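protein-v4.txt (compact mmCIF, C-alpha atoms and all ligand atoms)
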# COMPACT_ATOMS: atom_id res chain seq x y z
CA MET A 1 0.00 0.00 0.00
CA ASN A 2 2.86 2.27 0.83
CA SER A 3 4.22 2.05 -2.65
CA ILE A 4 0.87 2.99 -4.16
CA LEU A 5 0.50 6.01 -1.90
CA GLY A 6 4.05 7.10 -2.63
CA LEU A 7 3.91 6.88 -6.42
CA HIS A 8 4.93 9.81 -8.58
CA THR A 9 3.32 10.34 -11.95
CA SER A 10 6.22 8.80 -13.85
CA ASN A 11 6.04 5.70 -11.65
CA THR A 12 2.35 5.36 -12.37
CA ILE A 13 3.06 5.35 -16.09
CA ARG A 14 5.73 2.74 -15.54
CA LEU A 15 3.34 0.51 -13.63
CA MET A 16 0.73 0.82 -16.36
CA ASN A 17 3.34 -0.18 -18.91
CA THR A 18 4.59 -3.15 -16.96
CA ALA A 19 1.28 -4.53 -15.71
CA SER A 20 0.68 -6.20 -19.07
CA PRO A 21 3.93 -6.04 -21.04
CA ARG A 22 3.08 -5.49 -24.67
CA SER A 23 5.13 -4.47 -27.66
CA LEU A 24 5.83 -0.83 -28.28
CA PRO A 25 5.35 0.42 -31.85
CA VAL A 26 8.99 0.11 -32.97
CA LYS A 27 10.92 -1.98 -35.50
CA ARG A 28 12.32 -5.35 -34.49
CA ILE A 29 15.69 -7.05 -34.73
CA ALA A 30 16.12 -10.81 -34.57
CA THR A 31 16.95 -12.53 -31.29
CA PRO A 32 20.76 -13.04 -31.38
CA LEU A 33 22.06 -16.47 -32.36
CA PRO A 34 23.86 -18.45 -29.65
CA ILE A 35 27.35 -17.46 -30.82
CA LYS A 36 29.74 -18.28 -27.99
CA LYS A 37 31.87 -15.16 -28.36
CA SER A 38 28.84 -12.91 -27.88
CA ARG A 39 28.92 -13.87 -24.17
CA LEU A 40 25.18 -13.37 -24.05
CA VAL A 41 24.98 -16.20 -21.55
CA PHE A 42 21.17 -16.29 -21.47
CA VAL A 43 21.40 -17.48 -25.08
CA THR A 44 24.74 -19.34 -25.13
CA GLU A 45 24.62 -21.11 -21.74
CA PRO A 46 21.07 -20.74 -20.41
CA ALA A 47 21.62 -23.43 -17.74
CA GLY A 48 25.04 -22.09 -16.67
CA LEU A 49 26.26 -20.63 -13.42
CA ALA A 50 26.68 -17.18 -14.97
CA VAL A 51 22.94 -16.95 -15.66
CA GLU A 52 22.27 -17.68 -11.99
CA GLN A 53 24.62 -14.86 -10.98
CA TYR A 54 22.77 -12.37 -13.20
CA LYS A 55 19.47 -13.54 -11.75
CA ILE A 56 20.79 -12.97 -8.21
CA LEU A 57 22.01 -9.51 -9.22
CA HIS A 58 18.62 -8.75 -10.77
CA ARG A 59 16.78 -9.94 -7.66
CA ARG A 60 18.94 -7.75 -5.45
CA LEU A 61 18.31 -4.73 -7.65
CA CYS A 62 14.57 -5.40 -7.58
CA ASN A 63 14.57 -5.81 -3.80
CA GLN A 64 16.43 -2.57 -3.26
CA HIS A 65 14.78 -0.58 -6.07
CA PRO A 66 11.36 -2.14 -6.74
CA GLU A 67 10.33 0.97 -8.65
CA GLY A 68 13.06 0.27 -11.25
CA GLY A 69 15.04 3.17 -12.63
CA VAL A 70 17.76 4.42 -14.92
CA VAL A 71 21.05 2.65 -14.23
CA LEU A 72 24.44 3.64 -15.62
CA VAL A 73 26.94 0.79 -16.03
CA THR A 74 30.59 1.77 -16.04
CA SER A 75 34.04 0.57 -14.98
CA PRO A 76 37.34 2.19 -14.01
CA SER A 77 38.97 1.51 -17.41
CA PRO A 78 38.24 -0.19 -20.77
CA GLY A 79 37.64 -3.91 -21.27
CA GLU A 80 36.38 -4.84 -17.81
CA GLY A 81 32.95 -6.17 -18.78
CA LYS A 82 30.57 -3.20 -18.92
CA THR A 83 28.93 -4.33 -22.13
CA LEU A 84 28.76 -7.95 -21.06
CA THR A 85 27.12 -6.93 -17.78
CA SER A 86 24.71 -4.47 -19.42
CA ILE A 87 23.47 -6.92 -22.03
CA ASN A 88 23.03 -9.88 -19.70
CA LEU A 89 21.43 -7.82 -16.94
CA ALA A 90 19.00 -6.16 -19.36
CA TRP A 91 18.18 -9.57 -20.88
CA CYS A 92 17.48 -10.93 -17.40
CA MET A 93 15.21 -7.99 -16.53
CA ALA A 94 13.25 -8.45 -19.76
CA GLU A 95 12.93 -12.21 -19.16
CA ALA A 96 11.40 -11.37 -15.79
CA GLY A 97 8.67 -9.54 -17.73
CA ARG A 98 9.79 -5.97 -17.20
CA HIS A 99 9.88 -3.48 -20.04
CA THR A 100 13.59 -2.86 -20.30
CA CYS A 101 15.58 -0.52 -22.51
CA LEU A 102 19.29 -1.06 -23.13
CA VAL A 103 21.04 2.05 -24.40
CA ASP A 104 24.50 1.89 -25.95
CA MET A 105 26.06 5.11 -24.62
CA ASP A 106 29.68 4.22 -25.29
CA PHE A 107 30.19 6.19 -28.51
CA ARG A 108 33.88 5.33 -28.76
CA ALA A 109 33.35 1.58 -28.35
CA PRO A 110 29.68 0.74 -29.06
CA GLY A 111 29.75 -2.85 -27.81
CA VAL A 112 25.98 -3.37 -27.36
CA THR A 113 25.36 -2.32 -30.93
CA LEU A 114 28.01 -4.72 -32.23
CA THR A 115 26.99 -7.66 -30.03
CA LEU A 116 23.27 -7.46 -30.74
CA GLY A 117 23.71 -6.44 -34.37
CA CYS A 118 21.43 -3.44 -33.95
CA SER A 119 23.36 -0.87 -35.96
CA ASN A 120 20.69 1.16 -37.72
CA GLU A 121 21.52 2.97 -40.90
CA GLU A 122 20.13 6.33 -39.96
CA ASP A 123 18.50 5.63 -36.63
CA GLY A 124 20.67 5.72 -33.56
CA LEU A 125 21.41 7.46 -30.31
CA GLU A 126 23.32 10.31 -31.97
CA GLU A 127 20.33 10.99 -34.23
CA VAL A 128 17.99 11.04 -31.20
CA LEU A 129 20.25 13.30 -29.16
CA THR A 130 20.56 15.75 -32.03
CA GLY A 131 16.80 15.74 -32.70
CA ARG A 132 17.02 14.17 -36.18
CA ARG A 133 15.06 11.06 -35.10
CA THR A 134 12.59 10.21 -32.36
CA VAL A 135 13.16 7.51 -29.77
CA HIS A 136 10.45 5.38 -31.40
CA GLN A 137 12.08 5.67 -34.82
CA SER A 138 15.51 4.68 -33.54
CA MET A 139 14.70 2.02 -30.97
CA ARG A 140 14.59 -1.68 -31.84
CA GLN A 141 12.75 -4.49 -30.07
CA VAL A 142 14.78 -7.70 -29.65
CA GLY A 143 12.56 -10.42 -31.13
CA ASP A 144 9.25 -10.38 -29.28
CA ARG A 145 10.88 -9.82 -25.89
CA SER A 146 10.31 -6.95 -23.49
CA LEU A 147 13.83 -5.86 -24.40
CA TYR A 148 14.39 -2.71 -26.46
CA VAL A 149 17.72 -1.38 -27.67
CA LEU A 150 18.87 2.07 -28.63
CA GLY A 151 22.08 1.54 -30.56
CA ILE A 152 24.78 3.71 -32.07
CA ASN A 153 24.80 4.28 -35.78
CA LYS A 154 28.53 5.01 -36.04
CA ALA A 155 31.34 5.21 -33.49
CA LEU A 156 32.64 8.69 -32.67
CA ALA A 157 36.15 9.66 -31.52
CA SER A 158 34.95 12.87 -29.96
CA LEU A 159 31.50 13.60 -28.53
CA GLY A 160 31.41 17.38 -28.71
CA GLY A 161 28.33 18.43 -26.75
CA LEU A 162 26.36 15.29 -27.56
CA LEU A 163 25.82 14.31 -23.92
CA SER A 164 25.02 17.81 -22.66
CA SER A 165 22.08 18.07 -20.29
CA ASP A 166 20.03 19.81 -23.01
CA SER A 167 19.99 16.58 -25.00
CA ILE A 168 20.36 13.93 -22.30
CA VAL A 169 17.63 15.13 -19.91
CA PRO A 170 14.75 14.92 -22.43
CA LEU A 171 15.94 11.47 -23.54
CA ILE A 172 16.21 10.08 -20.02
CA THR A 173 12.85 11.60 -19.07
CA GLU A 174 11.19 9.94 -22.05
CA LEU A 175 12.80 6.54 -21.43
CA ARG A 176 12.02 6.68 -17.72
CA ALA A 177 8.33 7.12 -18.52
CA MET A 178 8.32 4.25 -21.04
CA PHE A 179 10.32 1.58 -19.21
CA HIS A 180 10.68 -0.02 -15.81
CA TRP A 181 14.43 -0.42 -16.25
CA VAL A 182 16.76 1.61 -18.43
CA ILE A 183 20.33 0.32 -18.61
CA LEU A 184 23.00 2.66 -19.99
CA ASP A 185 26.14 0.87 -21.20
CA PHE A 186 28.57 3.69 -20.59
CA ALA A 187 32.24 4.59 -21.19
CA PRO A 188 34.89 3.93 -18.51
CA VAL A 189 35.06 6.44 -15.66
CA ILE A 190 38.73 7.28 -15.44
CA PRO A 191 40.03 8.28 -18.86
CA MET A 192 36.84 10.06 -19.97
CA ALA A 193 34.96 13.06 -18.65
CA ASP A 194 31.61 11.88 -20.10
CA VAL A 195 30.26 10.28 -16.93
CA GLY A 196 30.02 13.65 -15.19
CA GLU A 197 27.53 14.84 -17.84
CA VAL A 198 25.09 11.97 -17.42
CA LEU A 199 25.51 10.90 -13.79
CA PRO A 200 23.34 13.65 -12.26
CA HIS A 201 20.37 12.46 -14.35
CA VAL A 202 20.43 8.72 -13.58
CA ASP A 203 19.02 6.95 -10.52
CA GLY A 204 22.04 4.78 -9.83
CA ALA A 205 25.38 3.56 -11.14
CA ILE A 206 26.91 0.10 -11.16
CA ILE A 207 30.65 -0.24 -11.48
CA VAL A 208 32.20 -3.36 -13.01
CA VAL A 209 35.67 -4.43 -11.93
CA ARG A 210 37.38 -7.40 -13.52
CA SER A 211 39.31 -9.94 -11.54
CA GLY A 212 42.99 -9.98 -12.54
CA LYS A 213 42.58 -6.97 -14.85
CA THR A 214 41.31 -3.90 -13.02
CA ASP A 215 44.09 -1.75 -11.62
CA LYS A 216 43.20 -1.66 -7.91
CA SER A 217 44.51 1.90 -7.57
CA LEU A 218 41.72 3.06 -9.93
CA ILE A 219 38.84 1.66 -7.86
CA ALA A 220 38.79 4.28 -5.08
CA PRO A 221 38.98 7.28 -7.47
CA SER A 222 36.23 5.72 -9.60
CA LEU A 223 33.96 5.27 -6.58
CA GLU A 224 34.67 8.84 -5.58
CA ILE A 225 33.60 10.13 -9.01
CA LEU A 226 30.34 8.14 -8.84
CA GLY A 227 29.74 9.34 -5.28
CA SER A 228 26.27 8.84 -3.83
CA LYS A 229 24.93 7.48 -7.14
CA ILE A 230 26.74 4.18 -6.67
CA TRP A 231 24.32 1.27 -6.31
CA GLY A 232 26.84 -1.53 -6.32
CA VAL A 233 30.04 -3.12 -7.54
CA ILE A 234 30.14 -6.14 -9.84
CA LEU A 235 33.15 -8.40 -9.70
CA ASN A 236 33.43 -9.83 -13.19
CA ASP A 237 35.44 -12.88 -14.19
CA SER A 238 35.83 -14.05 -10.61
CA VAL A 239 36.33 -17.66 -9.60
CA ILE A 240 33.28 -19.50 -8.28
CA ASN A 241 33.65 -23.14 -7.28
CA GLY A 242 36.92 -23.36 -9.18
CA SER A 243 35.68 -21.89 -12.48
CA ALA A 244 36.12 -18.36 -13.78
CA TYR A 245 32.75 -16.73 -14.00
CA TYR A 246 30.81 -13.54 -13.98
CA GLY A 247 30.22 -12.67 -10.34
CA TYR A 248 29.05 -9.85 -8.17
CA TYR A 249 29.48 -8.64 -4.69
CA GLY A 250 28.60 -5.80 -2.41
CA MET A 251 25.37 -4.33 -3.78
CA LYS A 252 24.86 -1.21 -1.69
CA LYS A 253 21.74 -1.15 0.48
CA GLY A 254 19.01 1.12 -0.95
N1 LIG I 1 33.88 -12.89 -17.43
C1 LIG I 1 34.38 -12.93 -18.66
N2 LIG I 1 34.78 -14.10 -19.20
C2 LIG I 1 35.26 -14.16 -20.44
N3 LIG I 1 35.41 -13.09 -21.25
C3 LIG I 1 35.04 -11.91 -20.77
C4 LIG I 1 34.50 -11.76 -19.46
N4 LIG I 1 34.22 -10.45 -19.26
C5 LIG I 1 34.56 -9.81 -20.40
N5 LIG I 1 35.05 -10.70 -21.31
C6 LIG I 1 35.52 -10.38 -22.66
O1 LIG I 1 36.39 -9.27 -22.54
C7 LIG I 1 36.13 -8.34 -23.60
C8 LIG I 1 35.70 -7.01 -22.99
O2 LIG I 1 34.41 -7.19 -22.40
P1 LIG I 1 33.30 -6.06 -22.58
O3 LIG I 1 33.21 -5.65 -24.01
O4 LIG I 1 32.06 -6.51 -21.92
O5 LIG I 1 34.01 -4.93 -21.72
P2 LIG I 1 33.76 -3.39 -21.76
O6 LIG I 1 34.09 -2.90 -20.39
O7 LIG I 1 32.42 -3.09 -22.29
O8 LIG I 1 34.87 -2.92 -22.79
P3 LIG I 1 34.98 -1.48 -23.53
O9 LIG I 1 35.61 -0.57 -22.52
O10 LIG I 1 35.84 -1.76 -24.71
O11 LIG I 1 33.60 -1.05 -23.89
C9 LIG I 1 35.09 -8.97 -24.50
O12 LIG I 1 35.74 -9.68 -25.53
C10 LIG I 1 34.38 -9.93 -23.56
O13 LIG I 1 33.80 -11.01 -24.24
MG MG I 2 31.78 -1.90 -23.86
Please go through the file and, once you have read it, give me the structure as C-alpha cells.
Ligand SMILES: Nc1ncnc2c1ncn2[C@@H]1O[C@H](COP(=O)(O)OP(=O)(O)OP(=O)(O)O)[C@@H](O)[C@H]1O
Ligand SMILES: [Mg+2]
Amino acid sequence: MNSILGLHTSNTIRLMNTASPRSLPVKRIATPLPIKKSRLVFVTEPAGLAVEQYKILHRRLCNQHPEGGVVLVTSPSPGEGKTLTSINLAWCMAEAGRHTCLVDMDFRAPGVTLTLGCSNEEDGLEEVLTGRRTVHQSMRQVGDRSLYVLGINKALASLGGLLSSDSIVPLITELRAMFHWVILDFAPVIPMADVGEVLPHVDGAIIVVRSGKTDKSLIAPSLEILGSKIWGVILNDSVINGSAYYGYYGMKKG
C-alpha cells in the first residue's frame, strides 16, 4: 500500500506499462544467435552458473529498487565487462517480464550495438540526441521480448556536446516514462569526462571491476567520481567453485 501512496506520476506510467507487457510500436531485430563469443549467456549457456549470478544480481536490484530506474553501467577503465554486464542484466530484466531498454552510450566503443547487431543505418542514439530522429524511430525491439535497444549508428572519436544536459535530460525523461528499467552501457570512468555529464540524471550507477585486470589503484577514485549514485560493484570474471565466471558482490543497500 505504501508504494501505491508514494507513487509519482512517472512511476504510475511505468506501472501501467509493466502490468501487461506489450510491444511498443517500434521496428524489431532478430533474437541473437547463440554465438559463444557474444557472451550473451542467457542465449549461449542458459543453464550455466553465470545466468544464476545475473538472476541474483537482478533480484537484489529489484529488492532494493522495486520501482526500477535508470542505471548507468561503467568501470574504471576499458575492457572490464561493462557491455557484457549491461546486455546480460538487461536480458534478465526483460525475461522477468519488465519493459527494459538497453542504451548503448559508449560512442567510442559501441559494444551493445556490435553484439546485438542493432546498428541502424540512420537511426541511432546520436540521431535522437541531435533531434534528427525520435526515440520510437531509432529504438529496436529484440525479437518479441520486453527488451528494447537504442544503438549507435557510427562510433565517434569525440563527442562534442552530444551528452550535454540539453539533449540527455529529455531522452532520459522519455525513457524513464516508457520503461521499468533503463540500462545505460557507458564509457569507462577514469580516462573520460563523459560520466560527469550523465551521472546527475540517472538513478544509480553500477561499477564493473574485472578480476585480474582492473588496476586496484583506480577503484577508489572511480567510486569517488560516482559518489552517492553508486548502487553496487560487480566483480566480473571471478572464480566461483573453481571456475572463472561472472560474479558480483557488495550491492549497496538502498
Ligand atoms: N567474465 C568474462 N569471461 C570471459 N570473457 C570476458 C569476461 N568479461 C569480459 N570478457 C571479454 O572481454 C572483452 C571485454 O568485455 P566487454 O566488451 O564486456 O568490456 P567493456 O568494459 O564493455 O569494454 P569497452 O571498454 O571496450 O567497452 C570482451 O571480448 C568480452 O567477451
Ligand atoms: Mg563496452
Excluding Glu95 of chain A and any residue of its chain fewer than 4 positions from it, enumerate the residues within 10 Å of it, using all atoms listed in the file, and give them as a PDB file with C-alpha atoms, in the coordinates of the input.
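What follows is the written file around.pdb:
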ATOM      1  CA  PHE A  42      21.170 -16.290 -21.470  1.00  0.00           C
ATOM      2  CA  LYS A  55      19.470 -13.540 -11.750  1.00  0.00           C
ATOM      3  CA  LEU A  89      21.430  -7.820 -16.940  1.00  0.00           C
ATOM      4  CA  ALA A  90      19.000  -6.160 -19.360  1.00  0.00           C
ATOM      5  CA  TRP A  91      18.180  -9.570 -20.880  1.00  0.00           C
ATOM      6  CA  HIS A  99       9.880  -3.480 -20.040  1.00  0.00           C
ATOM      7  CA  THR A 100      13.590  -2.860 -20.300  1.00  0.00           C
ATOM      8  CA  ARG A 145      10.880  -9.820 -25.890  1.00  0.00           C
ATOM      9  CA  SER A 146      10.310  -6.950 -23.490  1.00  0.00           C
ATOM     10  CA  LEU A 147      13.830  -5.860 -24.400  1.00  0.00           C
TER      11      LEU A 147
END
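When all atoms listed in the file are used to compute distances to Ser164 of chain A, the closest of the residues A:Glu45, A:Asp144, A:Asp185, A:Asp194 turns out to be A:Asp194.
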* Asked: Which residue out of A:Ile183, A:Leu171, A:Val112, A:Leu61 has the minimum interatomic distance to ligand LIG 1 (chain I) when only C-alpha atoms and all ligand atoms are used?
  -> A:Val112
* Asked: What residues have any atom no more than 9 Å from ligand LIG 1 (chain I) when counting all atoms listed in the file, and can you list them as an MDAnalysis selection string?
  -> chainID A and resid 37:40 50 74:87 106 108:112 115 185:188 208:211 235:238 244:247
* Neighbour residues at most 12 Å from (31.0, 16.4, -10.2) (all atoms listed in the file) as a VMD selection string -> chain A and resid 193 to 200 222 224 to 229
* Structure fact -> If you count only C-alpha atoms and all ligand atoms, the residue of A:Met139, A:Met178, A:Leu184, A:Val71 closest to ligand MG 2 (chain I) turns out to be A:Leu184
* What's the 10 Å shell around Val135 of chain A, counting only C-alpha atoms, without same-chain residues fewer than 4 positions away, as a list in words? -> Val26, Asp123, Gly124, Leu125, Glu127, Val128, Leu129, Gly131, Met139, Arg140, Leu150, Leu171, Glu174 and Leu175 of chain A
* Asked: If we count all atoms listed in the file, what is near Thr130 of chain A at a cut-off of 10 Å, once residues fewer than 5 positions away on the same chain are taken out, given as a list in words?
  -> Leu125, Gly161, Leu162, Leu163, Asp166, Ser167 and Ile168 of chain A
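Atom CA of Ile172 of chain A to atom CA of Ile219 of chain A spans 27.0 Å [interatomic distance, one decimal].
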* **Distance criterion (only C-alpha atoms): nearest to Glu122 of chain A out of A:Pro191, A:Pro66, A:Gly97, A:Gly151** => A:Gly151
* Taking only C-alpha atoms into account, which of A:Ala155, A:Cys101, A:Val41, A:Leu49 comes nearest Ala177 of chain A? -> A:Cys101
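The residue that comes closest to Thr44 of chain A, out of A:Cys92, A:Phe179, A:Pro32, A:Leu57 and on the basis of all atoms listed in the file, is A:Pro32.
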